[in-house]
>>> print(open('my_file.cif').read())   # mmCIF, C-alpha atoms and all ligand atoms
data_model
#
loop_
_atom_site.group_PDB
_atom_site.id
_atom_site.type_symbol
_atom_site.label_atom_id
_atom_site.label_comp_id
_atom_site.auth_asym_id
_atom_site.auth_seq_id
_atom_site.Cartn_x
_atom_site.Cartn_y
_atom_site.Cartn_z
ATOM 1 C CA MET A 6 -18.364 -6.094 0.036
ATOM 2 C CA ALA A 7 -19.443 -2.722 -1.353
ATOM 3 C CA VAL A 8 -16.987 -0.781 -3.481
ATOM 4 C CA GLN A 9 -15.181 1.867 -1.412
ATOM 5 C CA ARG A 10 -14.652 5.089 -3.327
ATOM 6 C CA TRP A 11 -13.559 8.624 -2.399
ATOM 7 C CA ARG A 12 -13.542 11.990 -4.200
ATOM 8 C CA VAL A 13 -10.475 14.234 -4.059
ATOM 9 C CA GLY A 14 -11.126 17.387 -6.067
ATOM 10 C CA ARG A 15 -11.937 16.183 -9.586
ATOM 11 C CA CYS A 16 -10.354 12.793 -9.035
ATOM 12 C CA THR A 17 -11.899 9.530 -7.783
ATOM 13 C CA ILE A 18 -9.964 6.917 -5.821
ATOM 14 C CA THR A 19 -11.314 3.360 -5.437
ATOM 15 C CA SER A 20 -10.098 0.503 -3.236
ATOM 16 C CA VAL A 21 -9.922 -2.946 -4.838
ATOM 17 C CA LEU A 22 -9.659 -5.535 -2.084
ATOM 18 C CA GLU A 23 -7.589 -8.694 -2.278
ATOM 19 C CA GLU A 24 -7.846 -9.932 1.327
ATOM 20 C CA HIS A 25 -9.052 -8.761 4.743
ATOM 21 C CA VAL A 26 -8.103 -10.632 7.930
ATOM 22 C CA ASP A 27 -9.352 -9.925 11.487
ATOM 23 C CA HIS A 28 -8.119 -11.064 14.927
ATOM 24 C CA ILE A 29 -4.371 -11.102 14.175
ATOM 25 C CA PRO A 30 -2.036 -11.070 17.210
ATOM 26 C CA PRO A 31 -0.326 -7.651 16.848
ATOM 27 C CA GLU A 32 3.139 -8.958 17.766
ATOM 28 C CA MET A 33 3.099 -11.006 14.533
ATOM 29 C CA PHE A 34 3.664 -7.730 12.667
ATOM 30 C CA PHE A 35 4.959 -5.369 15.365
ATOM 31 C CA PRO A 36 7.503 -7.031 17.679
ATOM 32 C CA ALA A 37 7.227 -4.160 20.199
ATOM 33 C CA ALA A 38 3.439 -4.491 20.434
ATOM 34 C CA THR A 39 1.206 -6.397 22.824
ATOM 35 C CA ALA A 40 -2.543 -6.903 22.519
ATOM 36 C CA ASP A 41 -3.024 -4.961 25.778
ATOM 37 C CA ALA A 42 -1.047 -2.017 24.428
ATOM 38 C CA VAL A 43 -3.232 -1.969 21.278
ATOM 39 C CA ALA A 44 -6.504 -2.336 23.216
ATOM 40 C CA LYS A 45 -5.755 0.736 25.286
ATOM 41 C CA TYR A 46 -6.376 2.841 22.139
ATOM 42 C CA GLN A 47 -10.157 2.621 22.239
ATOM 43 C CA TRP A 48 -10.486 4.639 19.008
ATOM 44 C CA LEU A 49 -9.179 1.540 17.174
ATOM 45 C CA VAL A 50 -12.008 -0.663 18.540
ATOM 46 C CA PRO A 51 -14.008 -2.353 17.047
ATOM 47 C CA ASP A 52 -13.068 -1.632 13.422
ATOM 48 C CA PHE A 53 -9.255 -1.783 13.395
ATOM 49 C CA ALA A 54 -8.796 -4.001 16.469
ATOM 50 C CA ASP A 55 -11.068 -6.165 18.600
ATOM 51 C CA GLU A 56 -11.660 -5.665 22.343
ATOM 52 C CA SER A 57 -8.714 -7.941 23.146
ATOM 53 C CA GLY A 58 -6.314 -5.873 21.009
ATOM 54 C CA ALA A 59 -5.990 -8.317 18.094
ATOM 55 C CA ILE A 60 -5.708 -6.333 14.845
ATOM 56 C CA SER A 61 -7.278 -6.273 11.358
ATOM 57 C CA LEU A 62 -5.107 -6.029 8.256
ATOM 58 C CA ARG A 63 -5.826 -5.871 4.544
ATOM 59 C CA VAL A 64 -4.120 -6.184 1.219
ATOM 60 C CA GLN A 65 -5.728 -3.844 -1.308
ATOM 61 C CA ALA A 66 -4.875 -1.768 -4.373
ATOM 62 C CA PHE A 67 -6.121 1.701 -5.283
ATOM 63 C CA VAL A 68 -7.294 2.955 -8.680
ATOM 64 C CA ILE A 69 -7.131 6.705 -9.351
ATOM 65 C CA GLU A 70 -9.416 8.092 -12.065
ATOM 66 C CA LEU A 71 -8.778 11.615 -13.279
ATOM 67 C CA GLY A 72 -9.969 12.792 -16.661
ATOM 68 C CA THR A 73 -9.197 9.980 -19.063
ATOM 69 C CA ARG A 74 -6.423 8.566 -16.880
ATOM 70 C CA HIS A 75 -6.633 5.334 -14.879
ATOM 71 C CA VAL A 76 -3.708 4.865 -12.493
ATOM 72 C CA LEU A 77 -3.354 1.652 -10.481
ATOM 73 C CA VAL A 78 -1.316 1.740 -7.263
ATOM 74 C CA ASP A 79 0.228 -1.340 -5.588
ATOM 75 C CA PRO A 80 -1.484 -4.326 -7.232
ATOM 76 C CA CYS A 81 -1.379 -6.772 -4.275
ATOM 77 C CA VAL A 82 -0.033 -10.360 -4.132
ATOM 78 C CA GLY A 83 -1.674 -11.926 -7.178
ATOM 79 C CA ASN A 84 -2.751 -15.484 -7.871
ATOM 80 C CA GLY A 85 -0.540 -18.514 -8.309
ATOM 81 C CA LYS A 86 2.656 -16.796 -7.118
ATOM 82 C CA ARG A 87 5.136 -19.138 -5.432
ATOM 83 C CA LEU A 88 6.084 -17.243 -2.294
ATOM 84 C CA VAL A 89 7.906 -18.203 0.875
ATOM 85 C CA ILE A 90 5.169 -16.683 3.050
ATOM 86 C CA PRO A 91 2.689 -19.589 3.168
ATOM 87 C CA TYR A 92 -0.300 -17.289 3.474
ATOM 88 C CA TRP A 93 0.517 -15.702 0.091
ATOM 89 C CA ASN A 94 1.653 -18.859 -1.681
ATOM 90 C CA GLU A 95 -0.281 -19.979 -4.789
ATOM 91 C CA ARG A 96 -3.521 -18.220 -3.877
ATOM 92 C CA THR A 97 -6.744 -17.940 -5.913
ATOM 93 C CA TRP A 98 -8.300 -14.622 -4.905
ATOM 94 C CA PRO A 99 -11.199 -13.056 -6.906
ATOM 95 C CA PHE A 100 -9.261 -9.779 -7.226
ATOM 96 C CA MET A 101 -9.721 -9.263 -10.973
ATOM 97 C CA GLU A 102 -13.436 -10.056 -10.601
ATOM 98 C CA ARG A 103 -13.680 -7.297 -7.963
ATOM 99 C CA PHE A 104 -11.658 -4.975 -10.216
ATOM 100 C CA ALA A 105 -14.208 -5.571 -13.002
ATOM 101 C CA GLU A 106 -17.181 -5.228 -10.624
ATOM 102 C CA ALA A 107 -15.804 -1.832 -9.585
ATOM 103 C CA GLY A 108 -16.136 -0.813 -13.249
ATOM 104 C CA PHE A 109 -12.514 -1.100 -14.375
ATOM 105 C CA ASP A 110 -11.002 -2.599 -17.512
ATOM 106 C CA SER A 111 -7.417 -3.917 -17.374
ATOM 107 C CA GLY A 112 -6.841 -2.571 -20.908
ATOM 108 C CA LYS A 113 -7.614 0.980 -19.739
ATOM 109 C CA ILE A 114 -5.026 1.222 -16.943
ATOM 110 C CA ASP A 115 -2.406 3.653 -18.318
ATOM 111 C CA THR A 116 0.016 3.725 -15.369
ATOM 112 C CA VAL A 117 0.928 1.322 -12.552
ATOM 113 C CA VAL A 118 2.660 2.958 -9.578
ATOM 114 C CA HIS A 119 4.539 0.776 -7.054
ATOM 115 C CA THR A 120 5.305 2.332 -3.684
ATOM 116 C CA HIS A 121 7.829 -0.504 -3.344
ATOM 117 C CA LEU A 122 8.466 -3.990 -4.682
ATOM 118 C CA HIS A 123 7.448 -6.296 -1.855
ATOM 119 C CA ALA A 124 5.466 -9.293 -3.104
ATOM 120 C CA ASP A 125 2.158 -7.823 -1.874
ATOM 121 C CA HIS A 126 2.497 -4.662 -3.999
ATOM 122 C CA VAL A 127 3.311 -6.006 -7.488
ATOM 123 C CA GLY A 128 1.576 -9.359 -7.862
ATOM 124 C CA TRP A 129 -1.293 -8.568 -10.221
ATOM 125 C CA ASP A 130 1.086 -6.946 -12.722
ATOM 126 C CA THR A 131 1.328 -10.464 -14.172
ATOM 127 C CA HIS A 132 -0.848 -13.545 -14.348
ATOM 128 C CA LEU A 133 -0.305 -17.056 -15.646
ATOM 129 C CA ALA A 134 -1.413 -17.792 -19.205
ATOM 130 C CA GLY A 135 -0.434 -21.191 -20.590
ATOM 131 C CA GLY A 136 2.165 -21.615 -17.858
ATOM 132 C CA VAL A 137 3.861 -18.276 -18.633
ATOM 133 C CA TRP A 138 3.718 -15.016 -16.620
ATOM 134 C CA VAL A 139 2.251 -12.305 -18.853
ATOM 135 C CA PRO A 140 1.332 -8.633 -18.214
ATOM 136 C CA THR A 141 -2.185 -8.068 -16.847
ATOM 137 C CA PHE A 142 -2.308 -4.365 -17.817
ATOM 138 C CA PRO A 143 -0.927 -4.415 -21.377
ATOM 139 C CA LYS A 144 -1.356 -0.689 -22.115
ATOM 140 C CA ALA A 145 0.139 0.540 -18.827
ATOM 141 C CA ARG A 146 3.538 2.061 -18.167
ATOM 142 C CA HIS A 147 4.781 0.301 -15.011
ATOM 143 C CA LEU A 148 6.892 2.637 -12.856
ATOM 144 C CA TYR A 149 9.858 1.580 -10.712
ATOM 145 C CA THR A 150 12.585 3.460 -8.862
ATOM 146 C CA ALA A 151 16.178 2.396 -9.518
ATOM 147 C CA ARG A 152 17.025 1.845 -5.836
ATOM 148 C CA GLU A 153 13.945 -0.299 -5.341
ATOM 149 C CA LEU A 154 14.691 -2.455 -8.396
ATOM 150 C CA GLU A 155 18.232 -2.978 -7.143
ATOM 151 C CA TYR A 156 16.951 -3.919 -3.661
ATOM 152 C CA CYS A 157 14.338 -6.273 -5.086
ATOM 153 C CA ARG A 158 17.026 -8.175 -6.991
ATOM 154 C CA SER A 159 19.534 -8.217 -4.122
ATOM 155 C CA SER A 160 20.182 -10.969 -1.618
ATOM 156 C CA SER A 161 19.579 -8.506 1.264
ATOM 157 C CA ASN A 162 15.860 -8.757 0.520
ATOM 158 C CA PRO A 163 14.853 -12.117 2.007
ATOM 159 C CA GLY A 164 11.351 -13.399 1.566
ATOM 160 C CA ASN A 165 10.895 -12.074 -1.922
ATOM 161 C CA ASP A 166 12.442 -14.864 -3.950
ATOM 162 C CA GLY A 167 10.819 -15.049 -7.313
ATOM 163 C CA VAL A 168 9.149 -11.619 -7.236
ATOM 164 C CA PHE A 169 11.504 -10.136 -9.789
ATOM 165 C CA ALA A 170 11.255 -13.188 -12.058
ATOM 166 C CA ASP A 171 7.475 -13.628 -11.972
ATOM 167 C CA SER A 172 6.185 -10.057 -11.529
ATOM 168 C CA ILE A 173 8.793 -7.636 -12.942
ATOM 169 C CA ALA A 174 10.933 -9.376 -15.595
ATOM 170 C CA PRO A 175 7.865 -10.121 -17.794
ATOM 171 C CA ILE A 176 6.919 -6.403 -17.666
ATOM 172 C CA MET A 177 10.438 -5.417 -18.746
ATOM 173 C CA ALA A 178 10.450 -8.049 -21.499
ATOM 174 C CA ALA A 179 7.183 -6.615 -22.835
ATOM 175 C CA GLY A 180 8.682 -3.093 -22.946
ATOM 176 C CA LEU A 181 6.189 -1.772 -20.371
ATOM 177 C CA ALA A 182 8.680 -0.726 -17.645
ATOM 178 C CA ASP A 183 9.913 2.800 -16.861
ATOM 179 C CA VAL A 184 12.509 3.699 -14.237
ATOM 180 C CA VAL A 185 11.519 7.035 -12.665
ATOM 181 C CA ASP A 186 13.039 9.384 -10.088
ATOM 182 C CA GLU A 187 11.897 8.974 -6.493
ATOM 183 C CA ASP A 188 10.426 12.507 -6.657
ATOM 184 C CA ALA A 189 8.990 12.161 -10.174
ATOM 185 C CA ASP A 190 6.163 14.420 -11.342
ATOM 186 C CA LEU A 191 3.694 12.014 -13.007
ATOM 187 C CA GLY A 192 1.497 14.803 -14.397
ATOM 188 C CA ASP A 193 -2.124 15.749 -13.653
ATOM 189 C CA GLY A 194 -1.305 16.558 -10.006
ATOM 190 C CA LEU A 195 0.366 13.198 -9.236
ATOM 191 C CA ARG A 196 3.794 13.368 -7.633
ATOM 192 C CA LEU A 197 6.091 10.843 -5.942
ATOM 193 C CA GLU A 198 7.939 11.572 -2.718
ATOM 194 C CA PRO A 199 10.840 9.415 -1.504
ATOM 195 C CA THR A 200 9.870 7.680 1.766
ATOM 196 C CA THR A 201 12.815 5.412 2.470
ATOM 197 C CA GLY A 202 12.981 3.033 5.429
ATOM 198 C CA HIS A 203 10.470 0.221 4.943
ATOM 199 C CA THR A 204 12.495 -0.479 1.801
ATOM 200 C CA PRO A 205 15.392 1.582 0.376
ATOM 201 C CA GLY A 206 13.590 2.956 -2.693
ATOM 202 C CA HIS A 207 10.111 3.254 -1.150
ATOM 203 C CA VAL A 208 7.984 6.160 -2.462
ATOM 204 C CA SER A 209 4.590 7.617 -1.557
ATOM 205 C CA LEU A 210 2.168 9.221 -4.018
ATOM 206 C CA TRP A 211 0.698 12.697 -3.525
ATOM 207 C CA ILE A 212 -2.467 13.578 -5.434
ATOM 208 C CA GLU A 213 -3.570 17.209 -5.807
ATOM 209 C CA SER A 214 -6.805 18.085 -7.572
ATOM 210 C CA ALA A 215 -8.904 21.268 -7.458
ATOM 211 C CA GLY A 216 -7.378 22.392 -4.158
ATOM 212 C CA GLU A 217 -7.738 19.017 -2.396
ATOM 213 C CA VAL A 218 -4.899 16.691 -1.429
ATOM 214 C CA ALA A 219 -4.566 12.930 -0.939
ATOM 215 C CA LEU A 220 -1.609 10.726 -0.043
ATOM 216 C CA ILE A 221 -1.282 7.057 -0.969
ATOM 217 C CA SER A 222 1.340 6.226 1.599
ATOM 218 C CA GLY A 223 2.403 2.665 0.781
ATOM 219 C CA ASP A 224 3.969 0.768 3.696
ATOM 220 C CA ILE A 225 5.292 3.696 5.745
ATOM 221 C CA MET A 226 2.705 2.304 8.175
ATOM 222 C CA HIS A 227 0.736 -0.939 8.267
ATOM 223 C CA HIS A 228 -1.920 -0.336 10.928
ATOM 224 C CA PRO A 229 -3.549 2.799 12.402
ATOM 225 C CA VAL A 230 -2.000 1.967 15.796
ATOM 226 C CA GLN A 231 1.304 3.213 14.323
ATOM 227 C CA CYS A 232 -0.156 6.754 14.331
ATOM 228 C CA ALA A 233 -0.232 6.512 18.128
ATOM 229 C CA GLU A 234 2.901 4.351 18.329
ATOM 230 C CA PRO A 235 5.050 5.668 15.457
ATOM 231 C CA ASP A 236 8.149 3.960 16.874
ATOM 232 C CA TRP A 237 6.673 0.473 16.505
ATOM 233 C CA ALA A 238 8.651 -1.072 13.649
ATOM 234 C CA GLU A 239 6.976 -3.546 11.327
ATOM 235 C CA ILE A 240 8.708 -6.922 10.842
ATOM 236 C CA GLY A 241 9.320 -6.155 7.154
ATOM 237 C CA ASP A 242 11.021 -2.776 7.759
ATOM 238 C CA HIS A 243 14.437 -2.893 6.082
ATOM 239 C CA ASP A 244 15.832 0.005 8.156
ATOM 240 C CA PRO A 245 13.625 0.502 11.239
ATOM 241 C CA GLU A 246 15.323 3.781 12.281
ATOM 242 C CA GLN A 247 14.797 5.358 8.849
ATOM 243 C CA ALA A 248 11.265 3.958 8.743
ATOM 244 C CA ARG A 249 10.463 5.651 12.085
ATOM 245 C CA ALA A 250 11.832 9.005 10.896
ATOM 246 C CA THR A 251 9.919 8.745 7.609
ATOM 247 C CA ARG A 252 6.688 7.781 9.399
ATOM 248 C CA ARG A 253 6.938 10.794 11.728
ATOM 249 C CA ARG A 254 7.778 13.152 8.847
ATOM 250 C CA MET A 255 4.863 11.957 6.701
ATOM 251 C CA LEU A 256 2.330 11.904 9.568
ATOM 252 C CA THR A 257 3.318 15.512 10.355
ATOM 253 C CA ARG A 258 2.886 16.523 6.704
ATOM 254 C CA ALA A 259 -0.407 14.647 6.301
ATOM 255 C CA ALA A 260 -1.831 16.395 9.388
ATOM 256 C CA GLU A 261 -0.601 19.830 8.220
ATOM 257 C CA THR A 262 -1.930 19.468 4.681
ATOM 258 C CA ARG A 263 -5.241 17.829 5.777
ATOM 259 C CA ALA A 264 -4.563 15.167 3.163
ATOM 260 C CA LEU A 265 -6.884 12.209 2.741
ATOM 261 C CA VAL A 266 -4.486 9.364 3.547
ATOM 262 C CA LEU A 267 -5.028 5.944 1.922
ATOM 263 C CA VAL A 268 -3.053 2.971 3.212
ATOM 264 C CA ALA A 269 -2.673 -0.421 1.495
ATOM 265 C CA HIS A 270 -2.990 -2.452 4.702
ATOM 266 C CA PHE A 271 -5.639 -0.427 6.584
ATOM 267 C CA GLY A 272 -9.106 -1.941 6.803
ATOM 268 C CA PRO A 273 -12.060 -1.913 6.964
ATOM 269 C CA HIS A 274 -11.606 1.852 6.472
ATOM 270 C CA PRO A 275 -8.543 2.404 4.273
ATOM 271 C CA ALA A 276 -8.939 6.203 3.957
ATOM 272 C CA GLY A 277 -8.920 8.896 6.600
ATOM 273 C CA TYR A 278 -7.336 12.002 8.054
ATOM 274 C CA ILE A 279 -4.370 12.323 10.396
ATOM 275 C CA GLN A 280 -5.148 14.278 13.544
ATOM 276 C CA THR A 281 -2.445 15.485 15.910
ATOM 277 C CA ASP A 282 -2.992 13.948 19.366
ATOM 278 C CA ARG A 283 -0.574 15.527 21.898
ATOM 279 C CA ASN A 284 2.863 14.601 20.534
ATOM 280 C CA VAL A 285 1.641 11.720 18.351
ATOM 281 C CA TRP A 286 -1.307 11.195 15.990
ATOM 282 C CA ARG A 287 -4.659 9.519 15.509
ATOM 283 C CA PHE A 288 -6.217 8.124 12.317
ATOM 284 C CA VAL A 289 -9.751 9.435 11.720
ATOM 285 C CA PRO A 290 -11.391 7.230 9.073
ATOM 286 C CA VAL A 291 -13.927 8.602 6.593
HETATM 287 ZN ZN ZN A 301 6.093 -3.811 2.238
HETATM 288 ZN ZN ZN A 302 2.778 -4.396 2.126
#
>>> encode(input="my_file.cif", output="C-alpha cells")
Amino acid sequence: MAVQRWRVGRCTITSVLEEHVDHIPPEMFFPAATADAVAKYQWLVPDFADESGAISLRVQAFVIELGTRHVLVDPCVGNGKRLVIPYWNERTWPFMERFAEAGFDSGKIDTVVHTHLHADHVGWDTHLAGGVWVPTFPKARHLYTARELEYCRSSSNPGNDGVFADSIAPIMAAGLADVVDEDADLGDGLRLEPTTGHTPGHVSLWIESAGEVALISGDIMHHPVQCAEPDWAEIGDHDPEQARATRRRMLTRAAETRALVLVAHFGPHPAGYIQTDRNVWRFVPV
C-alpha cells in the first residue's frame, strides 16, 4: 500500500498502517448499529462500508514532521503483546518495516503522543529483545496524562491486562516518560485538548501551522458513520454519555475550524474534513 501523506501548513503528517480489515459487522463495535442503518448512508459506500453495511476499520499511527521534529502519535498494538483480545494477541505485523519504508528512523522520533492508553495506541513503544520489553524510540519523550495513567493501571479498565507492564513500565524505567497536562502546549503549534469519555484522560492533538489546522482525534470516534450517528457508542467507551458530548463538541469545532481531521481507526481514507449535514455531520475524505 502506498504511503499516505498530507500537508498542513509547513508540517507533513504520514499514516503508518498496522492493520486494515473490511466487512466487519457494525454491531461488533457499535451495539446500537445495524448493517441496514449503516448502508443507508451511501456516502460511506464503498470505501468505509460495503453495500450490505459491513464496515472497514484500521489500526494506524501518524507521524508529524515539522522542522527538525518527528512526533509519533498512537503507536498501534505492537508485535508479541499478550492481550485478551484474540485478534491482537501475539501478532507479527510488518509495522516497523512500513515505518522505515515511509522514510522514518526510530532513533529520530523526539516525542510520542498517546491520545489514550488502550492497547492499540501504545504497543510499538516497546518491542521484545532477548525476552525483555525495551523502548523502540530511545530518544523520544513519551507523553502521558495523569488521569489516563491511573485509569490504565486500575481494575476498572478491563481488557488491558499487561499493557502497563509491557508497554509503559519499560518506558518509565528507561527515564523516557513525561506526565503532561491534558491541555499541554507541546510547542511548534502542537497542543493537547482534553476529550474525556472514551477513556477518562483521553486527549486529542491540535496542529496549527502557517494558518492551517489539523486535529488528530484519537478514539473520540472509530468510524465515519459516527459523524452521522454521533450517539452511537463504541463498545470500548468508558463513559458513553461523556463520549457522546465530547464527540459532538469536537465535530462542531472541527467543522467550524475547517480542520483536517485524522482518525486512528478510519480507513482507507484516514484524513478528511467535517461537513455539517443538517443537525449532524458528514466525513469528507481527502
Ligand atoms: Zn480506545
Ligand atoms: Zn483504538
>>> closest_atom_pairs(input="my_file.cif", of="chain A", to="ligand ZN 301 (chain A)", cutoff="10 Å", atoms="all atoms listed in the file", output="Markdown table")
| residue | atom | partner | partner_atom | distance |
| --- | --- | --- | --- | --- |
| A:Thr120 | CA | A:ZN301 | ZN | 8.6 |
| A:His121 | CA | A:ZN301 | ZN | 6.7 |
| A:Leu122 | CA | A:ZN301 | ZN | 7.3 |
| A:His123 | CA | A:ZN301 | ZN | 5.0 |
| A:Ala124 | CA | A:ZN301 | ZN | 7.7 |
| A:Asp125 | CA | A:ZN301 | ZN | 7.0 |
| A:His126 | CA | A:ZN301 | ZN | 7.2 |
| A:His203 | CA | A:ZN301 | ZN | 6.5 |
| A:Thr204 | CA | A:ZN301 | ZN | 7.2 |
| A:His207 | CA | A:ZN301 | ZN | 8.8 |
| A:Gly223 | CA | A:ZN301 | ZN | 7.6 |
| A:Asp224 | CA | A:ZN301 | ZN | 5.3 |
| A:Ile225 | CA | A:ZN301 | ZN | 8.3 |
| A:Met226 | CA | A:ZN301 | ZN | 9.2 |
| A:His227 | CA | A:ZN301 | ZN | 8.6 |
| A:Glu239 | CA | A:ZN301 | ZN | 9.1 |
| A:Ile240 | CA | A:ZN301 | ZN | 9.5 |
| A:Gly241 | CA | A:ZN301 | ZN | 6.3 |
| A:Asp242 | CA | A:ZN301 | ZN | 7.5 |
| A:His243 | CA | A:ZN301 | ZN | 9.2 |
| A:Ala269 | CA | A:ZN301 | ZN | 9.4 |
| A:His270 | CA | A:ZN301 | ZN | 9.5 |
>>> closest_residue(input="my_file.cif", among="A:His228, A:Asp115, A:Lys86, A:Asp244", to="Ala59 of chain A", atoms="all atoms listed in the file")
A:His228
>>> residues_around(input="my_file.cif", residues="His25 of chain A", least_positions_apart="4", cutoff="7 Å", atoms="only C-alpha atoms", output="list in words")
Leu62, Arg63 and Val64 of chain A
>>> closest_residue(input="my_file.cif", among="A:Leu77, A:Ile29, A:Val268, A:Ala54", to="ligand ZN 302 (chain A)", atoms="only C-alpha atoms and all ligand atoms")
A:Val268
>>> residues_near_point(input="my_file.cif", point="(-1.5, 12.0, -10.6)", cutoff="8 Å", atoms="all atoms listed in the file", output="MDAnalysis selection string")
chainID A and resid 69 71 76 191:196 211:213
